[in-house]
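**Q** Encoded as structure tokens, here's the structure I'll be asking about.
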Amino acid sequence: MSALKIKKGTSRHSAYDLRDPHAEAPETHTLAVLVDNEAGVLARVIGLFSGRGYNIDSLTVAEVDHTGHTSRITIVTTGTPSIIEQIKAQLGRIVPVHEVHDLTVEGRSVERELALFKVAGEGDKRVEALRLADIFRANVVDSTLGSFVFEITGTPEKVDAFADLMRPLGLVEVARTGVAALSRGAQG
Amino acid sequence: MQKAMTGAKMVVQALKDQGVEVVFGYPGGAVLPIYDEIFQQNEIRHVLVRHEQGAVHAAEGYARATGKPGVCLVTSGPGATNAVTGLTDALMDSIPIVVLTGQVPTFMIGNDAFQEADTVGITRPCTKHNWLVKETERLSDVIHQAFHVATAGRPGPVLVDIPKDVQFASAGYTPKQKARTTHYQPKVKGDLDRITELAELMAKAERPILYTGGGVINSGPAASQLLRELAEETGFPVTSTLMGLGAYPASGKQWLGMLGMHGLYEANLAMHGCDLMINIGARFDDRITGRLQDFSPRSKKAHIDIDPSSINKVIHVDIPIVGDVAHVLEDLLHVWKAQGRKVNREGLAKWWAQIEDWRAVDCLKFEQTGRTIKPQHALARLEALTRDHPDRYICTEVGQHQMWAAQYMGFDAPNRWMTSGGLGTMGYGFPASIGVQMAHPDALVINVAGEASWLMNMQEMGTAVQYRLPVKQFILNNERLGMVRQWQELLHGERYSHSWSEALPDFVKLAEAFGAKGIHCADPDTLDEAIMEMLAYDGPVIFDCLVEKHENCFPMIPSGEPHNKMLLGEASTLDAIGAKGAVLV
Ligand SMILES: Cc1cc2nc3c(=O)[nH]c(=O)nc-3n(C[C@H](O)[C@H](O)[C@H](O)COP(=O)(O)OP(=O)(O)OC[C@H]3O[C@@H](n4cnc5c(N)ncnc54)[C@H](O)[C@@H]3O)c2cc1C
Ligand SMILES: Cc1ncc(C[n+]2csc(CCOP(=O)(O)OP(=O)(O)O)c2C)c(N)n1
């Protein structure tokens with residue numbers, strides 16, 4: 001009611017400063033979203049994330065039921081617990097979205113990613129790359145005298161670890177599919 | 001057997017089956033087959049607006065005043081892009097509207113054809129859902145779905161984009177009852193355990209408040225009735241957002257007035273000091289909460305909302321109840337009565353005594369002195385002279401006049417107040433008033449406007465005159481972008497950068513040029529007489545009310561401040577907005 005004694009600041013402040021920055025730590029969650037496979041549905045999901053400023057760490061999508069025309073979108077995202085809740089509620093609001101599952105909290109799940117690595121090199125480096133690939137159960141899907149393309153599947157962490165090892169051995173290019181995930185056990 | 005017909009005929013048939021009476025639209029190449037069908041029938045009336053933005057706001061006004069979805073028909077390309085502001089407005093304010101757009105023929109899509117725009121792409125983020133229909137056999141099904149999605153759950157705008165070849169081709173018509181709507185059925189019943197928990201808290205509360213919003217209006221007249229019953233049963237004080245005005249009557253004795261940035265002192269302090277806040281169909285907008293950490297720090301909070309994403313979006317609540325207001329309030333009242341619950345009389349009596357002290361501050365008081373009309377006075381007089389009208393609807397534009405209208409005019413019933421809240425769209429009110437008058441031809445429909453906002457869609461004078469819609473445009477003319485000017489005064493060292501209007505038209509002559517009536521008033525002594533003249537005139541009127549140019553709108557909670565840091569008048573505004581507040585809008 002009385003005159004306010006707020007010092008005039010000179011620095012720029014973000015509106016988000018008004019939220020308590022220490023309240024919540026970010027978490028990574030894997031979401032499975034079942035949608036009607038209709039035109040534009042992926043754009044709706046991606047637009048939601050970009051429009052509201054949420055992160056997409058990885059995203060995969062493909063039709064999983066060709067008769068019912070449903071697709072499964074698997075999204076790995078990072079945010080504070082309240083942001084994750086908001087993301088799920090916002091996804092649930094999209095009309096062609098049927099189900100949203102948070103595999104990170106709904107019991108145990110398996111996550112797999114496929115990646116292709118092109119590694120070029122000669123001599124010891126080439127031998128070492130092949131040896132490590134064997135340890136990681138990566139397959140050679142293409143080879144020339146000076147290069148390999150390895151195919152590896154596993155958790156994103158395993159793929160990351162493989163990438164770290166390949167980097168000093170002549171890593172040229174990587175292609176990753178993003179995560180596909182399912183809950184464990186008999187239940188759908 | 002399904003009846004075969006052209007896509008264009010299907011559109012008109014589907015609208016009829018949906019009970020549509022009025023379509024607001026504007027023709028163009030890509031919708032000509034549909035216009036041809038409209039020409040050959042008399043059941044659905046078409047209102048030719050003067051700009052597609054006007055069509056959408058008119059449909060919003062129609063929807064808000066009737067509870068039925070508003071319908072628009074516009075052409076491809078520029079027709080569709082002109083509709084974008086209205087769609088966004090309807091999305092923010094949860095207004096059910098169905099917009100039909102023409103599109104270039106399917107075989108030309110993607111070729112940068114004449115008047116082609118990626119309409120579903122452009123409108124995806126500003127509709128609840130949209131469809132591009134590429135096969136005529138899907139068209140009627142999609143239109144029925146569109147009406148369902150627009151009105152079910154949290155209402156909102158939808159758009160159906162119809163290529164021209166789809167309008168010409170023939171296919172079987174899917175009747176309304178056979179349309180595919182089962183996949184979208186939002187939950188309307190609230191969780192009974194939560195409702196019972198809320199009833200328990202209500203019985204204990206010493207300082208409760210009902211914080212109501214647009215969701216009560218969206219839920220329909222039964223929700224307003226049940227809200228009144230709940231208030232009556234408990235004796236709890238009631239406040240509302242800008243969007244919920246009229247759900248609880250302004251003449252009711254438990255009414256605290258609007259809350260929020262320009263809300264009443266008693267409403268905001270009661271929100272700040274309460275121990276139980278019951279949010280009924282409101283969304284903790286930033287105009288309400290101010291600084292989040294300091295928002296009502298000592299209260300338990302319950303939130304009734306049909307949209308799960310509204311819950312815990314901004315403010316964490318203790319009792320979330322996902323469901324439709326009317327359904328939840330019915331169950332709440334049932335539980336309350338069945339369990340024989342009673343309120344905490346002693347606590348409540350003290351709480352009301354405290355509220356009466358706040359009320360005594362009389363935060364809306366002003367003095368009409370001198371020879372210039374104060375805007376508050378103009379609205380207080382408009383209110384006094386129209387309050388008893390049996391069938392009054394008020395629209396507004398956006399700015400100071402909008403806030404003053406919310407403060408000085410009282411609404412005793414829902415659906416009688418149309419304003420652009422979430423998007424704050426200047427230019428909303430005039431076309432909205434046209435939509436309202438189309439729905440209620442004999443009602444008194446007034447648009448409280450600022451001159452700057454009003455000019456944004458002034459072309460709709462043509463529509464008002466053509467359809468003999470006696471809408472009253474009550475312009476509080478301060479020759480300023482008043483709300484902007486106010487912020488520049490408080491925030492930007494009184495540097496009034498581009499916030500005044502020069503070269504304003506002579507509004508009386510403008511009215512006459514369109515074939516309407518113009519009234520000018522600048523004298524407090526003739527104000528009543530001039531208002532009576534406006535009310536008596538059977539036709540559209542532009543009322544140019546010249547008001548005090550530098551009046552500021554109070555009370556005001558500066559951006560980024562908590563409720564208890566409210567500014568009541570000029571004396572308290574010095575350095576009122578800190579650097580953190582300055583970045584906020
Ligand atoms: C210049 C300006 C100043 C403003 N100042 C103020 C101010 O001082 N005070 C103020 O209050 N506003 C003010 N506003 C408006 C403000 O921006 C918001 O639009 C408004 O506060 C939101 O109202 P609401 O919370 O009722 O939500 P709405 O936008 O009306 O949303 C309704 C909520 O109810 C839910 N809902 C919908 N249907 C149902 C149903 N059937 N059952 C249950 N829930 C349902 C929705 O999911 C949503 O969460 C101002 C606007 C402008 C342009
Ligand atoms: C389309 C649009 N553009 C800009 C704004 C920003 N704005 C908010 S209020 C306002 C001034 C409105 O002036 P006027 O209609 O004369 O009303 P007053 O505030 O003077 O009552 C402006 C420019 C807006 N809300 N909408």
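Residues are named by chain letter and number: chains run A, B, ... in the order of the structure tokens, numbers start at 1 in each chain, and ligands are numbered from 1 in the order shown.
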May I have the residues within 6 Å of ligand 1, computed using only C-alpha atoms and all ligand atoms, as a count of residues only?
**A** 36
**Q** Could you list, as number ranges by chain, all the residues within 7 Å of ligand 2, counting only C-alpha atoms and all ligand atoms?
**A** B: 397-402, 424-427, 449-454, 476-484
**Q** Which residue gives the smallest distance to chain A among B:Asp294, B:Glu233, B:Asp36, B:Glu502, with only C-alpha atoms counted?
**A**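 Among the listed residues, B:Asp294 lies closest to chain A.
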**Q** Please identify all polymer residues within 7 Å of range 126-136 of chain A, counting only C-alpha atoms, omitting same-chain residues fewer than 3 positions from it, and present them as a PDB file with N, CA, C and O atoms, in the first residue's frame.
**A**
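Result went into around.pdb, see below:
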```
ATOM      1  N   GLY A 121      40.954 -45.286 -40.321  1.00  0.00           N
ATOM      2  CA  GLY A 121      42.297 -45.315 -39.741  1.00  0.00           C
ATOM      3  C   GLY A 121      43.062 -46.503 -40.266  1.00  0.00           C
ATOM      4  O   GLY A 121      42.514 -47.386 -40.937  1.00  0.00           O
ATOM      5  N   GLU A 122      44.349 -46.507 -39.962  1.00  0.00           N
ATOM      6  CA  GLU A 122      45.192 -47.593 -40.431  1.00  0.00           C
ATOM      7  C   GLU A 122      46.033 -48.135 -39.299  1.00  0.00           C
ATOM      8  O   GLU A 122      46.136 -47.525 -38.241  1.00  0.00           O
ATOM      9  N   GLY A 123      46.590 -49.290 -39.527  1.00  0.00           N
ATOM     10  CA  GLY A 123      47.565 -49.861 -38.589  1.00  0.00           C
ATOM     11  C   GLY A 123      46.939 -50.179 -37.245  1.00  0.00           C
ATOM     12  O   GLY A 123      45.807 -50.688 -37.161  1.00  0.00           O
ATOM     13  N   MET A 166      35.835 -44.477 -29.662  1.00  0.00           N
ATOM     14  CA  MET A 166      36.146 -44.404 -31.091  1.00  0.00           C
ATOM     15  C   MET A 166      36.760 -43.063 -31.496  1.00  0.00           C
ATOM     16  O   MET A 166      37.485 -42.975 -32.492  1.00  0.00           O
ATOM     17  N   LEU A 169      40.262 -42.913 -32.220  1.00  0.00           N
ATOM     18  CA  LEU A 169      40.679 -43.932 -33.183  1.00  0.00           C
ATOM     19  C   LEU A 169      40.243 -43.596 -34.605  1.00  0.00           C
ATOM     20  O   LEU A 169      40.282 -44.442 -35.480  1.00  0.00           O
TER      21      LEU A 169
END
```
**Q** Would you please give, as a list in words, all residues of range 80-133 of chain A that DSSP assigns to strand (DSSP E) based on the backbone?
**A** Val97, His98, Glu99, Val100, His101, Asp102, Ser109, Val110, Glu111, Arg112, Glu113, Leu114, Ala115, Leu116, Phe117, Lys118, Val119 and Ala120 of chain A
**Q** Give me the residues within 8 Å of Pro96 in chain B as number ranges by chain, counting only C-alpha atoms and dropping any in the same chain fewer than 4 places off.
**A** B: 60, 63, 68-70, 90, 150-151, 155-158
**Q** Quick one: write out the picked residues with C-alpha atoms as a short mmCIF file (atom, residue, chain, number, x, y, z; two decimals), in the first residue's frame?
**A**
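Result written to result-v8.cif:
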```cif
data_model
loop_
_atom_site.label_atom_id
_atom_site.label_comp_id
_atom_site.auth_asym_id
_atom_site.auth_seq_id
_atom_site.Cartn_x
_atom_site.Cartn_y
_atom_site.Cartn_z
CA GLU B 60 -16.19 -15.52 -30.29
CA ALA B 63 -20.10 -18.16 -28.58
CA LYS B 68 -22.82 -22.45 -28.45
CA PRO B 69 -19.85 -22.68 -30.80
CA GLY B 70 -19.34 -19.74 -33.16
CA ALA B 90 -10.05 -17.97 -28.70
CA ALA B 150 -14.35 -27.41 -30.02
CA THR B 151 -16.96 -27.90 -27.31
CA PRO B 155 -13.43 -25.46 -25.15
CA GLY B 156 -11.31 -23.93 -27.90
CA PRO B 157 -10.99 -23.01 -31.55
CA VAL B 158 -10.71 -25.65 -34.28
#
```
**Q** For Val22 in chain B, find every residue with an atom within 10 Å (counting only C-alpha atoms), except residues of its own chain fewer than 6 positions away, and show them as number ranges by chain.
**A** B: 15, 43-47, 59, 62, 70-72, 435, 438-439
**Q** Figure out the distance between CA of Glu206 in chain B and CA of Ala349 in chain B, please, to one decimal in Å.
**A** 8.6 Å
**Q** What's the 9 Å shell around range 45-55 of chain A, counting only C-alpha atoms, without same-chain residues fewer than 5 positions away, as a PyMOL selection string?
**A** (chain A and resi 40+76-79+83-84+87+90-91+94) or (chain B and resi 124-125)
**Q** Write out, as a compact mmCIF listing (two decimals), in the first residue's frame, the residues just selected, with all heavy atoms.
**A**
```txt
# COMPACT_ATOMS: atom_id res chain seq x y z
N GLY A 40 0.61 -34.69 -39.75
CA GLY A 40 0.87 -33.57 -38.85
C GLY A 40 1.01 -33.92 -37.39
O GLY A 40 1.29 -33.06 -36.56
N VAL A 76 12.85 -38.84 -25.16
CA VAL A 76 13.65 -38.68 -23.95
C VAL A 76 13.76 -37.18 -23.71
O VAL A 76 14.13 -36.42 -24.61
CB VAL A 76 15.04 -39.32 -24.10
CG1 VAL A 76 15.84 -39.16 -22.81
CG2 VAL A 76 14.91 -40.79 -24.48
N THR A 77 13.38 -36.75 -22.51
CA THR A 77 13.35 -35.33 -22.21
C THR A 77 13.93 -35.06 -20.82
O THR A 77 13.94 -35.95 -19.97
CB THR A 77 11.91 -34.78 -22.32
OG1 THR A 77 11.94 -33.37 -22.05
CG2 THR A 77 10.97 -35.44 -21.33
N THR A 78 14.39 -33.84 -20.62
CA THR A 78 14.97 -33.47 -19.34
C THR A 78 14.26 -32.24 -18.80
O THR A 78 14.03 -31.29 -19.55
CB THR A 78 16.48 -33.16 -19.50
OG1 THR A 78 17.09 -34.29 -20.09
CG2 THR A 78 17.13 -32.90 -18.14
N GLY A 79 13.90 -32.28 -17.53
CA GLY A 79 13.25 -31.13 -16.91
C GLY A 79 13.05 -31.38 -15.43
O GLY A 79 13.22 -32.51 -14.97
N ILE A 83 8.09 -29.70 -14.45
CA ILE A 83 8.08 -29.55 -15.92
C ILE A 83 7.71 -30.89 -16.57
O ILE A 83 6.92 -30.94 -17.52
CB ILE A 83 9.46 -29.06 -16.44
CG1 ILE A 83 9.73 -27.63 -15.98
CG2 ILE A 83 9.54 -29.16 -17.97
CD1 ILE A 83 8.93 -26.57 -16.67
N ILE A 84 8.27 -31.98 -16.05
CA ILE A 84 7.96 -33.30 -16.62
C ILE A 84 6.45 -33.57 -16.50
O ILE A 84 5.81 -34.03 -17.45
CB ILE A 84 8.75 -34.42 -15.90
CG1 ILE A 84 10.26 -34.18 -16.03
CG2 ILE A 84 8.33 -35.80 -16.39
CD1 ILE A 84 10.87 -34.55 -17.36
N ILE A 87 4.74 -31.55 -19.12
CA ILE A 87 4.94 -32.11 -20.46
C ILE A 87 3.94 -33.24 -20.69
O ILE A 87 3.29 -33.33 -21.73
CB ILE A 87 6.39 -32.63 -20.63
CG1 ILE A 87 7.37 -31.45 -20.68
CG2 ILE A 87 6.52 -33.49 -21.89
CD1 ILE A 87 8.85 -31.84 -20.69
N GLN A 90 0.46 -31.81 -21.09
CA GLN A 90 0.32 -31.12 -22.37
C GLN A 90 0.22 -32.13 -23.52
O GLN A 90 -0.56 -31.94 -24.45
CB GLN A 90 1.50 -30.17 -22.61
CG GLN A 90 1.55 -28.97 -21.67
CD GLN A 90 0.46 -27.94 -21.94
OE1 GLN A 90 -0.26 -28.03 -22.92
NE2 GLN A 90 0.33 -26.98 -21.04
N LEU A 91 1.03 -33.19 -23.45
CA LEU A 91 0.95 -34.23 -24.49
C LEU A 91 -0.44 -34.87 -24.48
O LEU A 91 -1.04 -35.11 -25.53
CB LEU A 91 2.01 -35.30 -24.25
CG LEU A 91 3.45 -34.94 -24.63
CD1 LEU A 91 4.42 -35.98 -24.07
CD2 LEU A 91 3.61 -34.85 -26.15
N ILE A 94 -3.23 -33.23 -26.57
CA ILE A 94 -3.25 -33.24 -28.04
C ILE A 94 -4.30 -34.25 -28.49
O ILE A 94 -4.30 -35.39 -28.03
CB ILE A 94 -1.85 -33.61 -28.58
CG1 ILE A 94 -0.84 -32.54 -28.16
CG2 ILE A 94 -1.88 -33.77 -30.10
CD1 ILE A 94 0.59 -32.83 -28.57
N ARG B 124 -1.63 -24.57 -36.46
CA ARG B 124 -1.49 -25.69 -35.52
C ARG B 124 -1.29 -25.21 -34.08
O ARG B 124 -1.97 -25.69 -33.18
CB ARG B 124 -0.35 -26.60 -35.98
CG ARG B 124 -0.47 -28.02 -35.46
CD ARG B 124 0.59 -28.91 -36.08
NE ARG B 124 0.25 -29.36 -37.41
CZ ARG B 124 1.05 -29.26 -38.48
NH1 ARG B 124 2.25 -28.71 -38.37
NH2 ARG B 124 0.66 -29.70 -39.64
N PRO B 125 -0.38 -24.25 -33.86
CA PRO B 125 -0.21 -23.82 -32.47
C PRO B 125 -1.30 -22.89 -31.95
O PRO B 125 -1.30 -22.56 -30.77
CB PRO B 125 1.15 -23.10 -32.48
CG PRO B 125 1.43 -22.77 -33.88
CD PRO B 125 0.61 -23.65 -34.77
```
**Q** Near Asp544 in chain B, counting only C-alpha atoms, which residues have an atom at most 9 Å away, once you skip same-chain residues fewer than 2 positions from it, shown as an MDAnalysis selection string?
**A** chainID B and resid 451 473:477 506:508 518:522 542 546
**Q** Pick out the closest residue to chain A from this set: B:Ala205, B:Ala326, B:Val11, B:Met566. Count only C-alpha atoms.
**A** B:Met566
